[in-house]
>>> print(open('structure25.txt').read())   # compact mmCIF, N, CA and C atoms
# COMPACT_ATOMS: atom_id res chain seq x y z
N MET A 10 148.71 54.28 181.01
CA MET A 10 148.86 52.93 180.52
C MET A 10 147.71 52.05 181.02
N ARG A 11 147.27 52.31 182.23
CA ARG A 11 146.18 51.52 182.81
C ARG A 11 144.89 51.73 182.00
N LYS A 12 144.66 52.95 181.53
CA LYS A 12 143.46 53.24 180.74
C LYS A 12 143.48 52.45 179.43
N PHE A 13 144.67 52.28 178.88
CA PHE A 13 144.81 51.53 177.64
C PHE A 13 144.37 50.07 177.84
N PHE A 14 144.82 49.44 178.92
CA PHE A 14 144.45 48.05 179.19
C PHE A 14 142.95 47.91 179.49
N ILE A 15 142.38 48.90 180.15
CA ILE A 15 140.93 48.87 180.41
C ILE A 15 140.18 48.98 179.09
N LEU A 16 140.63 49.85 178.21
CA LEU A 16 140.01 50.00 176.90
C LEU A 16 140.11 48.70 176.09
N ILE A 17 141.26 48.06 176.11
CA ILE A 17 141.44 46.78 175.41
C ILE A 17 140.51 45.72 176.00
N ALA A 18 140.40 45.66 177.31
CA ALA A 18 139.54 44.67 177.97
C ALA A 18 138.08 44.92 177.59
N LEU A 19 137.66 46.17 177.51
CA LEU A 19 136.29 46.49 177.12
C LEU A 19 136.03 46.08 175.66
N CYS A 20 137.00 46.33 174.81
CA CYS A 20 136.86 45.94 173.40
C CYS A 20 136.75 44.43 173.26
N VAL A 21 137.57 43.69 174.00
CA VAL A 21 137.52 42.23 173.94
C VAL A 21 136.18 41.73 174.46
N ALA A 22 135.69 42.31 175.56
CA ALA A 22 134.40 41.90 176.12
C ALA A 22 133.26 42.20 175.14
N ALA A 23 133.30 43.36 174.50
CA ALA A 23 132.27 43.72 173.53
C ALA A 23 132.31 42.76 172.34
N PHE A 24 133.50 42.46 171.87
CA PHE A 24 133.65 41.54 170.75
C PHE A 24 133.07 40.17 171.08
N GLN A 25 133.41 39.66 172.28
CA GLN A 25 132.90 38.35 172.70
C GLN A 25 131.38 38.37 172.82
N HIS A 26 130.84 39.46 173.33
CA HIS A 26 129.39 39.57 173.49
C HIS A 26 128.70 39.51 172.11
N PHE A 27 129.18 40.28 171.15
CA PHE A 27 128.57 40.30 169.83
C PHE A 27 128.81 39.00 169.08
N TYR A 28 129.97 38.39 169.27
CA TYR A 28 130.27 37.13 168.59
C TYR A 28 129.32 36.04 169.11
N LYS A 29 129.12 35.95 170.40
CA LYS A 29 128.20 34.96 170.97
C LYS A 29 126.77 35.23 170.54
N SER A 30 126.39 36.49 170.43
CA SER A 30 125.03 36.82 170.00
C SER A 30 124.79 36.37 168.57
N ASP A 31 125.77 36.55 167.68
CA ASP A 31 125.64 36.12 166.29
C ASP A 31 125.58 34.59 166.19
N ALA A 32 126.38 33.91 167.00
CA ALA A 32 126.42 32.46 166.94
C ALA A 32 125.11 31.85 167.43
N ALA A 33 124.45 32.50 168.36
CA ALA A 33 123.22 31.97 168.92
C ALA A 33 122.00 32.35 168.09
N ALA A 34 122.16 33.27 167.16
CA ALA A 34 121.03 33.73 166.36
C ALA A 34 120.58 32.59 165.45
N PRO A 35 119.27 32.42 165.30
CA PRO A 35 118.78 31.35 164.43
C PRO A 35 119.10 31.65 162.97
N THR A 36 119.43 30.62 162.25
CA THR A 36 119.71 30.78 160.82
C THR A 36 118.53 30.24 160.04
N SER A 37 118.34 30.76 158.86
CA SER A 37 117.24 30.26 158.04
C SER A 37 117.65 28.92 157.44
N SER A 38 116.70 28.05 157.31
CA SER A 38 116.99 26.72 156.77
C SER A 38 117.04 26.79 155.25
N ILE A 39 117.72 25.84 154.67
CA ILE A 39 117.84 25.77 153.22
C ILE A 39 116.47 25.63 152.58
N SER A 40 115.58 24.86 153.20
CA SER A 40 114.27 24.65 152.59
C SER A 40 113.46 25.93 152.49
N SER A 41 113.71 26.90 153.38
CA SER A 41 112.98 28.15 153.28
C SER A 41 113.57 29.06 152.21
N ILE A 42 114.80 28.78 151.78
CA ILE A 42 115.45 29.59 150.76
C ILE A 42 115.09 29.10 149.36
N ILE A 43 114.91 27.80 149.21
CA ILE A 43 114.62 27.21 147.90
C ILE A 43 113.20 27.54 147.49
N ASP A 44 113.04 27.98 146.27
CA ASP A 44 111.72 28.31 145.73
C ASP A 44 111.08 27.02 145.22
N ASP A 45 110.04 26.56 145.91
CA ASP A 45 109.40 25.30 145.55
C ASP A 45 108.57 25.39 144.28
N SER A 46 108.32 26.60 143.77
CA SER A 46 107.50 26.73 142.58
C SER A 46 108.27 26.41 141.29
N THR A 47 109.60 26.34 141.37
CA THR A 47 110.42 26.04 140.21
C THR A 47 110.55 24.53 140.06
N PRO A 48 110.13 23.96 138.93
CA PRO A 48 110.24 22.52 138.78
C PRO A 48 111.69 22.09 138.65
N SER A 49 112.01 20.99 139.27
CA SER A 49 113.36 20.46 139.15
C SER A 49 113.38 19.40 138.07
N PRO A 50 114.55 19.18 137.43
CA PRO A 50 114.61 18.19 136.37
C PRO A 50 114.34 16.80 136.93
N THR A 51 113.68 15.99 136.14
CA THR A 51 113.37 14.64 136.55
C THR A 51 114.43 13.72 135.99
N VAL A 52 115.09 13.00 136.86
CA VAL A 52 116.08 12.02 136.44
C VAL A 52 115.71 10.72 137.11
N GLU A 53 115.46 9.71 136.31
CA GLU A 53 115.13 8.41 136.84
C GLU A 53 116.36 7.52 136.70
N MET A 54 116.67 6.79 137.74
CA MET A 54 117.84 5.92 137.71
C MET A 54 117.40 4.47 137.58
N ASN A 55 118.04 3.73 136.69
CA ASN A 55 117.85 2.30 136.67
C ASN A 55 119.21 1.65 136.91
N SER A 56 119.29 0.36 136.82
CA SER A 56 120.52 -0.32 137.19
C SER A 56 121.71 -0.01 136.28
N SER A 57 121.46 0.33 135.02
CA SER A 57 122.59 0.50 134.10
C SER A 57 122.90 1.95 133.74
N SER A 58 121.90 2.83 133.75
CA SER A 58 122.17 4.21 133.34
C SER A 58 121.07 5.13 133.85
N SER A 59 121.27 6.42 133.67
CA SER A 59 120.24 7.38 134.06
C SER A 59 119.39 7.69 132.83
N VAL A 60 118.13 7.96 133.07
CA VAL A 60 117.21 8.29 131.99
C VAL A 60 116.60 9.64 132.32
N PHE A 61 116.67 10.57 131.39
CA PHE A 61 116.12 11.90 131.57
C PHE A 61 114.72 11.96 130.99
N SER A 62 113.97 12.98 131.36
CA SER A 62 112.67 13.20 130.73
C SER A 62 112.59 14.64 130.27
N CYS A 63 111.83 14.89 129.22
CA CYS A 63 111.70 16.23 128.67
C CYS A 63 111.02 17.15 129.69
N GLN A 64 111.69 18.22 130.06
CA GLN A 64 111.17 19.15 131.05
C GLN A 64 111.06 20.57 130.51
N GLY A 65 111.10 20.73 129.20
CA GLY A 65 110.95 22.05 128.60
C GLY A 65 112.25 22.81 128.38
N LYS A 66 113.37 22.19 128.66
CA LYS A 66 114.65 22.84 128.40
C LYS A 66 114.89 22.84 126.90
N THR A 67 115.47 23.93 126.38
CA THR A 67 115.74 23.98 124.95
C THR A 67 117.15 24.45 124.62
N HIS A 68 117.88 25.05 125.56
CA HIS A 68 119.19 25.63 125.29
C HIS A 68 120.29 24.93 126.08
N CYS A 69 121.51 25.01 125.57
CA CYS A 69 122.66 24.39 126.22
C CYS A 69 122.88 24.91 127.64
N SER A 70 122.62 26.17 127.87
CA SER A 70 122.83 26.74 129.20
C SER A 70 121.95 26.09 130.25
N GLU A 71 120.92 25.39 129.83
CA GLU A 71 120.01 24.71 130.75
C GLU A 71 120.42 23.26 131.01
N MET A 72 121.38 22.76 130.26
CA MET A 72 121.79 21.37 130.38
C MET A 72 122.89 21.22 131.43
N ASN A 73 122.83 20.11 132.18
CA ASN A 73 123.82 19.85 133.22
C ASN A 73 124.93 18.90 132.78
N SER A 74 124.73 18.21 131.66
CA SER A 74 125.73 17.28 131.18
C SER A 74 125.54 17.04 129.69
N TYR A 75 126.57 16.46 129.08
CA TYR A 75 126.47 16.10 127.67
C TYR A 75 125.38 15.04 127.47
N ALA A 76 125.31 14.09 128.41
CA ALA A 76 124.30 13.02 128.30
C ALA A 76 122.90 13.61 128.31
N GLU A 77 122.67 14.59 129.17
CA GLU A 77 121.35 15.22 129.21
C GLU A 77 121.07 15.96 127.91
N ALA A 78 122.04 16.70 127.39
CA ALA A 78 121.87 17.43 126.14
C ALA A 78 121.59 16.46 124.98
N LYS A 79 122.29 15.35 124.95
CA LYS A 79 122.09 14.36 123.89
C LYS A 79 120.70 13.75 124.00
N PHE A 80 120.26 13.44 125.22
CA PHE A 80 118.91 12.91 125.41
C PHE A 80 117.87 13.89 124.88
N TYR A 81 118.01 15.17 125.26
CA TYR A 81 117.06 16.18 124.81
C TYR A 81 117.06 16.31 123.29
N LEU A 82 118.24 16.32 122.69
CA LEU A 82 118.34 16.44 121.24
C LEU A 82 117.64 15.27 120.54
N ASP A 83 117.84 14.08 121.06
CA ASP A 83 117.29 12.89 120.43
C ASP A 83 115.80 12.67 120.71
N ASN A 84 115.29 13.21 121.82
CA ASN A 84 113.94 12.83 122.25
C ASN A 84 112.94 13.96 122.46
N CYS A 85 113.37 15.19 122.49
CA CYS A 85 112.46 16.28 122.84
C CYS A 85 112.30 17.26 121.68
N PRO A 86 111.11 17.78 121.47
CA PRO A 86 110.88 18.71 120.36
C PRO A 86 111.39 20.12 120.67
N GLY A 87 111.71 20.87 119.63
CA GLY A 87 112.06 22.29 119.76
C GLY A 87 113.43 22.57 120.34
N MET A 88 114.36 21.64 120.19
CA MET A 88 115.69 21.82 120.78
C MET A 88 116.53 22.82 120.00
N LYS A 89 117.32 23.60 120.74
CA LYS A 89 118.23 24.58 120.12
C LYS A 89 119.63 24.33 120.66
N VAL A 90 120.03 23.05 120.66
CA VAL A 90 121.32 22.69 121.23
C VAL A 90 122.32 22.19 120.19
N ASP A 91 121.91 22.16 118.92
CA ASP A 91 122.79 21.67 117.86
C ASP A 91 122.78 22.66 116.71
N GLY A 92 123.54 23.74 116.86
CA GLY A 92 123.53 24.82 115.89
C GLY A 92 123.96 24.43 114.49
N ASP A 93 124.89 23.48 114.37
CA ASP A 93 125.37 23.10 113.03
C ASP A 93 124.75 21.80 112.52
N ASN A 94 123.75 21.31 113.22
CA ASN A 94 122.98 20.11 112.79
C ASN A 94 123.85 18.89 112.50
N ASP A 95 124.90 18.69 113.31
CA ASP A 95 125.74 17.52 113.11
C ASP A 95 125.41 16.39 114.09
N GLY A 96 124.37 16.57 114.89
CA GLY A 96 123.97 15.53 115.85
C GLY A 96 124.72 15.57 117.16
N ILE A 97 125.64 16.51 117.31
CA ILE A 97 126.40 16.64 118.55
C ILE A 97 125.93 17.92 119.26
N PRO A 98 125.25 17.79 120.40
CA PRO A 98 124.72 18.96 121.09
C PRO A 98 125.78 19.67 121.95
N CYS A 99 125.60 20.96 122.09
CA CYS A 99 126.39 21.77 123.04
C CYS A 99 127.90 21.55 122.92
N GLU A 100 128.39 21.64 121.69
CA GLU A 100 129.82 21.36 121.45
C GLU A 100 130.73 22.32 122.19
N ARG A 101 130.39 23.58 122.25
CA ARG A 101 131.23 24.55 122.95
C ARG A 101 131.21 24.32 124.46
N GLN A 102 130.05 23.98 124.99
CA GLN A 102 129.89 23.82 126.44
C GLN A 102 130.55 22.54 126.96
N PHE A 103 130.37 21.44 126.25
CA PHE A 103 130.87 20.16 126.75
C PHE A 103 132.06 19.62 125.99
N GLY A 104 132.53 20.35 124.98
CA GLY A 104 133.75 19.99 124.28
C GLY A 104 133.69 18.68 123.52
N GLN A 105 132.57 18.32 123.01
CA GLN A 105 132.43 17.06 122.28
C GLN A 105 132.82 17.23 120.84
>>> encode(input="structure25.txt", output="structure tokens")
Amino acid sequence: MRKFFILIALCVAAFQHFYKSDAAAPTSSISSIIDDSTPSPTVEMNSSSSVFSCQGKTHCSEMNSYAEAKFYLDNCPGMKVDGDNDGIPCERQFGQ
């Protein structure tokens, strides 16, 4: 029975040692994970609403909101977000 308690104590000590080692290990920062070569969408804010700018997006899967899809449809060339040409973009995605 004594050997059993010694084995348990060793397991607990080993666990604590490895747990503390993992907690003290440096973690990579978010900025090192983000790929800076990928352009992010430009959104300019004014007092009444947000204004988007054409960034080369053409499909619904690239849009983050209905407002963004509508802006692209109305203002950017080569859009593929209105399959039935009714003026409502990304109907399946945003349920408009």
>>> closest_residue(input="structure25.txt", among="A:Pro86, A:Asp91, A:Glu77, A:Met10", to="Val60 (chain A)", atoms="only N, CA and C atoms")
A:Glu77
>>> closest_residue(input="structure25.txt", among="A:Ala78, A:Cys85, A:Cys99, A:Ile15", to="Gln64 (chain A)", atoms="only C-alpha atoms")
A:Cys85
>>> axis_aligned_box(input="structure25.txt", around="region 87-96 of chain A", padding_each_side="8 Å", output="JSON")
{"center_x": 118.7, "center_y": 20.2, "center_z": 116.9, "size_x": 30.0, "size_y": 25.3, "size_z": 24.7}
>>> atom_distance(input="structure25.txt", atom1="atom N of Phe103 (chain A)", atom2="atom N of Met88 (chain A)")
17.1 Å
>>> residues_around(input="structure25.txt", residues="Ala76 (chain A)", least_positions_apart="2", cutoff="10 Å", atoms="only C-alpha atoms", output="MDAnalysis selection string")
chainID A and resid 59:61 72:74 78:82 98 103
>>> atom_distance(input="structure25.txt", atom1="atom C of Glu71 (chain A)", atom2="atom N of Val90 (chain A)")
10.4 Å
>>> atom_distance(input="structure25.txt", atom1="CA of Lys66 (chain A)", atom2="CA of Gly96 (chain A)")
17.3 Å
>>> build_atoms(input="structure25.txt", residues="region 91-103 of chain A", atoms="N, CA, C and O atoms", output="tab-separated table (two decimals), in the coordinates of the input")
chain	number	residue	atom	x	y	z
A	91	ASP	N	121.91	22.16	118.92
A	91	ASP	CA	122.79	21.67	117.86
A	91	ASP	C	122.78	22.66	116.71
A	91	ASP	O	122.12	22.46	115.70
A	92	GLY	N	123.54	23.74	116.86
A	92	GLY	CA	123.53	24.82	115.89
A	92	GLY	C	123.96	24.43	114.49
A	92	GLY	O	123.47	24.97	113.50
A	93	ASP	N	124.89	23.48	114.37
A	93	ASP	CA	125.37	23.10	113.03
A	93	ASP	C	124.75	21.80	112.52
A	93	ASP	O	125.18	21.26	111.51
A	94	ASN	N	123.75	21.31	113.22
A	94	ASN	CA	122.98	20.11	112.79
A	94	ASN	C	123.85	18.89	112.50
A	94	ASN	O	123.57	18.13	111.59
A	95	ASP	N	124.90	18.69	113.31
A	95	ASP	CA	125.74	17.52	113.11
A	95	ASP	C	125.41	16.39	114.09
A	95	ASP	O	126.09	15.36	114.11
A	96	GLY	N	124.37	16.57	114.89
A	96	GLY	CA	123.97	15.53	115.85
A	96	GLY	C	124.72	15.57	117.16
A	96	GLY	O	124.48	14.74	118.03
A	97	ILE	N	125.64	16.51	117.31
A	97	ILE	CA	126.40	16.64	118.55
A	97	ILE	C	125.93	17.92	119.26
A	97	ILE	O	126.18	19.03	118.77
A	98	PRO	N	125.25	17.79	120.40
A	98	PRO	CA	124.72	18.96	121.09
A	98	PRO	C	125.78	19.67	121.95
A	98	PRO	O	126.71	19.04	122.44
A	99	CYS	N	125.60	20.96	122.09
A	99	CYS	CA	126.39	21.77	123.04
A	99	CYS	C	127.90	21.55	122.92
A	99	CYS	O	128.59	21.35	123.90
A	100	GLU	N	128.39	21.64	121.69
A	100	GLU	CA	129.82	21.36	121.45
A	100	GLU	C	130.73	22.32	122.19
A	100	GLU	O	131.76	21.90	122.72
A	101	ARG	N	130.39	23.58	122.25
A	101	ARG	CA	131.23	24.55	122.95
A	101	ARG	C	131.21	24.32	124.46
A	101	ARG	O	132.22	24.47	125.13
A	102	GLN	N	130.05	23.98	124.99
A	102	GLN	CA	129.89	23.82	126.44
A	102	GLN	C	130.55	22.54	126.96
A	102	GLN	O	131.21	22.57	127.99
A	103	PHE	N	130.37	21.44	126.25
A	103	PHE	CA	130.87	20.16	126.75
A	103	PHE	C	132.06	19.62	125.99
A	103	PHE	O	132.58	18.54	126.29
